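Structure, as structure tokens:
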Amino acid sequence: MAYAGARILAEDLLFRPMHSLIDQSLHSKLGATTTNGDGFGIGWYGEGPRPALFKSIEPAWNDRNLRELATQIRSGMLFAHVRASTGSPVQRSNCHPFRHGNWLWMHNGAVDSYPTIKRDLLLAVDAALYPEILGSTDSEALFFLALTFGLTDDPVAAVARAVGFVEDVARAHGIENPVQMTVATSDGTSLWFFRYSSETLSRSLFYSTDMTALRALHPEVEVLAELGPKARLVVSEPLRDLTGAWNEVPESSAGVVGPYGAEILPFVPVVP
């Protein structure tokens, strides 16, 4: 789940919705696994020069520290992720979101046969960035490849080059459909999100309807007034059943939510 909008308590996003991310950690309806109990993480932009992180290898539904912190953290840009490992160890450094400078990144999906191509991928990471890789996941490797290919200058183009590079390397090893991803990334001002898979069978991803229109549709839902007129959510699964509230991100698409509005763009990987 990624949120951009007026400053709001993390509790209102993480725990209060009927099908909140915490509920999804136990009862995912659309995910590859029903239970996501291999750790969690939240990242938010607050008072400091870079975003803060709180991660744990505990299941999100059973972490009292998360529940306590969520009553005090207030942010206008918040990321949250619950993890089901695709093979890498259950350890704090492998929990999302990942951070570099003022950038956050989280990924749902997998790079197929990652151990086979891991060396080739990591050798392509910029030497100045490489020491910052703390974990062993394909997700973090994809983040640092995107940084290498210019994430901080042009996020959509950089992710297109990173994915194109992974596909090129994988196919040289005989791996035909290597990439499965939904991704969210932010610099604290704008939020970018991506839905793509090499075989065009991507994991689910949704974005919320314009808040002004949504309030007109559902004036009875009081919580909508708290989110602010420019608030947007990007989620793997809708947080509650509300007619007209959610829009599926099209296959092979990128989206951006920023100070000047929101748009959806085609996403096409490029071999760098």
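Chain labels follow the order of the structure tokens: the first chain is A, the next B, and so on; residue numbering restarts at 1 in every chain, and ligands are counted from 1 in their shown order.
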Enumerate the residues of segment 3-240 of chain A with a DSSP assignment of alpha helix (DSSP H), computed from the backbone, and present them as a JSON list (two decimals) with C-alpha atoms, in the first residue's frame.
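So the final result, stored in result.json, reads:
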[["chain", "number", "residue", "atom", "x", "y", "z"],
["A", 10, "ALA", "CA", -0.78, 5.66, 9.89],
["A", 11, "GLU", "CA", -3.38, 3.90, 12.02],
["A", 12, "ASP", "CA", -6.17, 5.21, 9.77],
["A", 13, "LEU", "CA", -4.54, 3.54, 6.77],
["A", 14, "LEU", "CA", -3.06, 0.39, 8.28],
["A", 21, "LEU", "CA", -3.13, -4.21, 4.79],
["A", 22, "ILE", "CA", -2.96, -5.82, 8.24],
["A", 23, "ASP", "CA", -6.04, -7.86, 7.41],
["A", 24, "GLN", "CA", -4.52, -8.70, 4.02],
["A", 25, "SER", "CA", -1.42, -10.07, 5.76],
["A", 26, "LEU", "CA", -3.71, -12.84, 7.06],
["A", 27, "HIS", "CA", -6.48, -12.96, 4.47],
["A", 64, "ARG", "CA", 2.31, -4.56, 19.13],
["A", 65, "ASN", "CA", 5.05, -2.05, 18.35],
["A", 66, "LEU", "CA", 3.50, -1.44, 14.91],
["A", 67, "ARG", "CA", 0.08, -0.89, 16.42],
["A", 68, "GLU", "CA", 1.55, 1.50, 18.98],
["A", 69, "LEU", "CA", 3.60, 3.50, 16.48],
["A", 70, "ALA", "CA", 0.70, 3.75, 14.04],
["A", 114, "TYR", "CA", 17.10, -15.12, -9.39],
["A", 115, "PRO", "CA", 19.98, -17.16, -7.89],
["A", 116, "THR", "CA", 21.01, -18.13, -11.43],
["A", 117, "ILE", "CA", 21.33, -14.54, -12.65],
["A", 118, "LYS", "CA", 22.01, -12.75, -9.36],
["A", 119, "ARG", "CA", 25.73, -12.29, -10.03],
["A", 120, "ASP", "CA", 25.19, -10.79, -13.48],
["A", 121, "LEU", "CA", 22.57, -8.39, -12.15],
["A", 122, "LEU", "CA", 24.52, -7.19, -9.13],
["A", 123, "LEU", "CA", 27.71, -6.65, -11.14],
["A", 138, "ASP", "CA", 15.60, -9.73, -6.01],
["A", 139, "SER", "CA", 13.44, -6.75, -5.01],
["A", 140, "GLU", "CA", 16.37, -4.78, -3.59],
["A", 141, "ALA", "CA", 18.52, -5.71, -6.58],
["A", 142, "LEU", "CA", 15.83, -4.33, -8.89],
["A", 143, "PHE", "CA", 15.78, -1.10, -6.86],
["A", 144, "PHE", "CA", 19.53, -0.60, -7.16],
["A", 145, "LEU", "CA", 19.46, -1.39, -10.86],
["A", 146, "ALA", "CA", 16.78, 1.29, -11.28],
["A", 147, "LEU", "CA", 18.97, 3.73, -9.32],
["A", 148, "THR", "CA", 21.92, 2.80, -11.54],
["A", 155, "PRO", "CA", 11.78, 7.13, -12.73],
["A", 156, "VAL", "CA", 9.68, 5.66, -15.54],
["A", 157, "ALA", "CA", 12.58, 5.48, -17.99],
["A", 158, "ALA", "CA", 14.93, 4.11, -15.31],
["A", 159, "VAL", "CA", 12.58, 1.30, -14.30],
["A", 160, "ALA", "CA", 12.02, 0.50, -17.99],
["A", 161, "ARG", "CA", 15.80, 0.14, -18.43],
["A", 162, "ALA", "CA", 16.18, -1.91, -15.24],
["A", 163, "VAL", "CA", 13.43, -4.34, -16.27],
["A", 164, "GLY", "CA", 14.76, -4.50, -19.82],
["A", 165, "PHE", "CA", 18.21, -5.34, -18.47],
["A", 166, "VAL", "CA", 16.86, -8.12, -16.21],
["A", 167, "GLU", "CA", 14.91, -9.62, -19.11],
["A", 168, "ASP", "CA", 17.94, -9.46, -21.40],
["A", 169, "VAL", "CA", 20.23, -11.15, -18.87],
["A", 170, "ALA", "CA", 17.62, -13.77, -17.98],
["A", 171, "ARG", "CA", 16.93, -14.74, -21.57],
["A", 172, "ALA", "CA", 20.65, -15.19, -22.17],
["A", 211, "MET", "CA", -11.21, 12.07, -3.93],
["A", 212, "THR", "CA", -13.57, 14.89, -4.91],
["A", 213, "ALA", "CA", -15.51, 12.55, -7.18],
["A", 214, "LEU", "CA", -15.46, 9.81, -4.56],
["A", 215, "ARG", "CA", -16.90, 12.11, -1.90],
["A", 216, "ALA", "CA", -19.72, 13.03, -4.24],
["A", 217, "LEU", "CA", -20.44, 9.31, -4.75],
["A", 223, "VAL", "CA", -13.38, 9.03, 6.61],
["A", 224, "LEU", "CA", -13.13, 10.36, 3.05],
["A", 225, "ALA", "CA", -13.22, 13.92, 4.39],
["A", 226, "GLU", "CA", -10.10, 13.22, 6.45],
["A", 227, "LEU", "CA", -8.04, 12.17, 3.42]]
Extract, using only C-alpha atoms, all DNA, RNA and protein residues at most 7 Å from Tyr196 of chain A, discarding same-chain residues fewer than 3 positions from it, and format them as a ChimeraX atom specification. /A:180-182,200,202,251-253
Store the residues picked out above, limited to N, CA, C and O atoms, as a short mmCIF file (atom, residue, chain, number, x, y, z; two decimals), in the first residue's frame.
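What ended up in selection_30.cif:
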data_model
loop_
_atom_site.label_atom_id
_atom_site.label_comp_id
_atom_site.auth_asym_id
_atom_site.auth_seq_id
_atom_site.Cartn_x
_atom_site.Cartn_y
_atom_site.Cartn_z
N GLN A 180 8.14 -10.50 -12.75
CA GLN A 180 6.76 -10.38 -12.25
C GLN A 180 6.79 -9.28 -11.20
O GLN A 180 7.47 -9.38 -10.19
N MET A 181 6.07 -8.15 -11.48
CA MET A 181 6.23 -7.05 -10.53
C MET A 181 5.04 -6.11 -10.51
O MET A 181 4.42 -5.80 -11.52
N THR A 182 4.71 -5.69 -9.30
CA THR A 182 4.09 -4.39 -9.08
C THR A 182 5.05 -3.65 -8.16
O THR A 182 5.58 -4.23 -7.20
N THR A 200 2.85 -10.97 -19.28
CA THR A 200 1.61 -10.17 -19.23
C THR A 200 0.52 -10.82 -18.39
O THR A 200 -0.65 -10.82 -18.73
N SER A 202 0.27 -10.05 -14.74
CA SER A 202 0.81 -9.36 -13.57
C SER A 202 -0.06 -9.54 -12.34
O SER A 202 -1.27 -9.79 -12.42
N GLU A 251 -2.61 -3.58 -17.36
CA GLU A 251 -1.41 -4.37 -17.59
C GLU A 251 -0.36 -3.54 -18.33
O GLU A 251 -0.69 -2.70 -19.18
N SER A 252 0.92 -3.72 -17.98
CA SER A 252 2.03 -3.01 -18.62
C SER A 252 1.84 -1.51 -18.59
O SER A 252 1.84 -0.82 -19.61
N SER A 253 1.66 -0.99 -17.37
CA SER A 253 1.42 0.45 -17.18
C SER A 253 2.27 1.00 -16.05
O SER A 253 2.69 0.27 -15.15
#
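Of the listed residues A:Asn177, A:Asn62, A:Ser20, A:Thr71, the one whose atoms come nearest to Ile8 of chain A is A:Thr71, with distances taken using only C-alpha atoms.
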Extract, using only C-alpha atoms, all DNA, RNA and protein residues at most 10 Å from Pro250 of chain A, discarding same-chain residues fewer than 5 positions from it, and format them as a ChimeraX atom specification. /A:194-196,202,204-206,255,264-267
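Of the residues under consideration (A:Gly39, A:Ala262, A:Leu201, A:Ser113), A:Ser113 shows the shortest atom-to-atom contact distance to Gly174 of chain A when counting only C-alpha atoms.
Counting only C-alpha atoms and comparing A:His81, A:Val256, A:Phe15, A:Pro59, the residue that lies closest to Asp154 of chain A is A:Val256.
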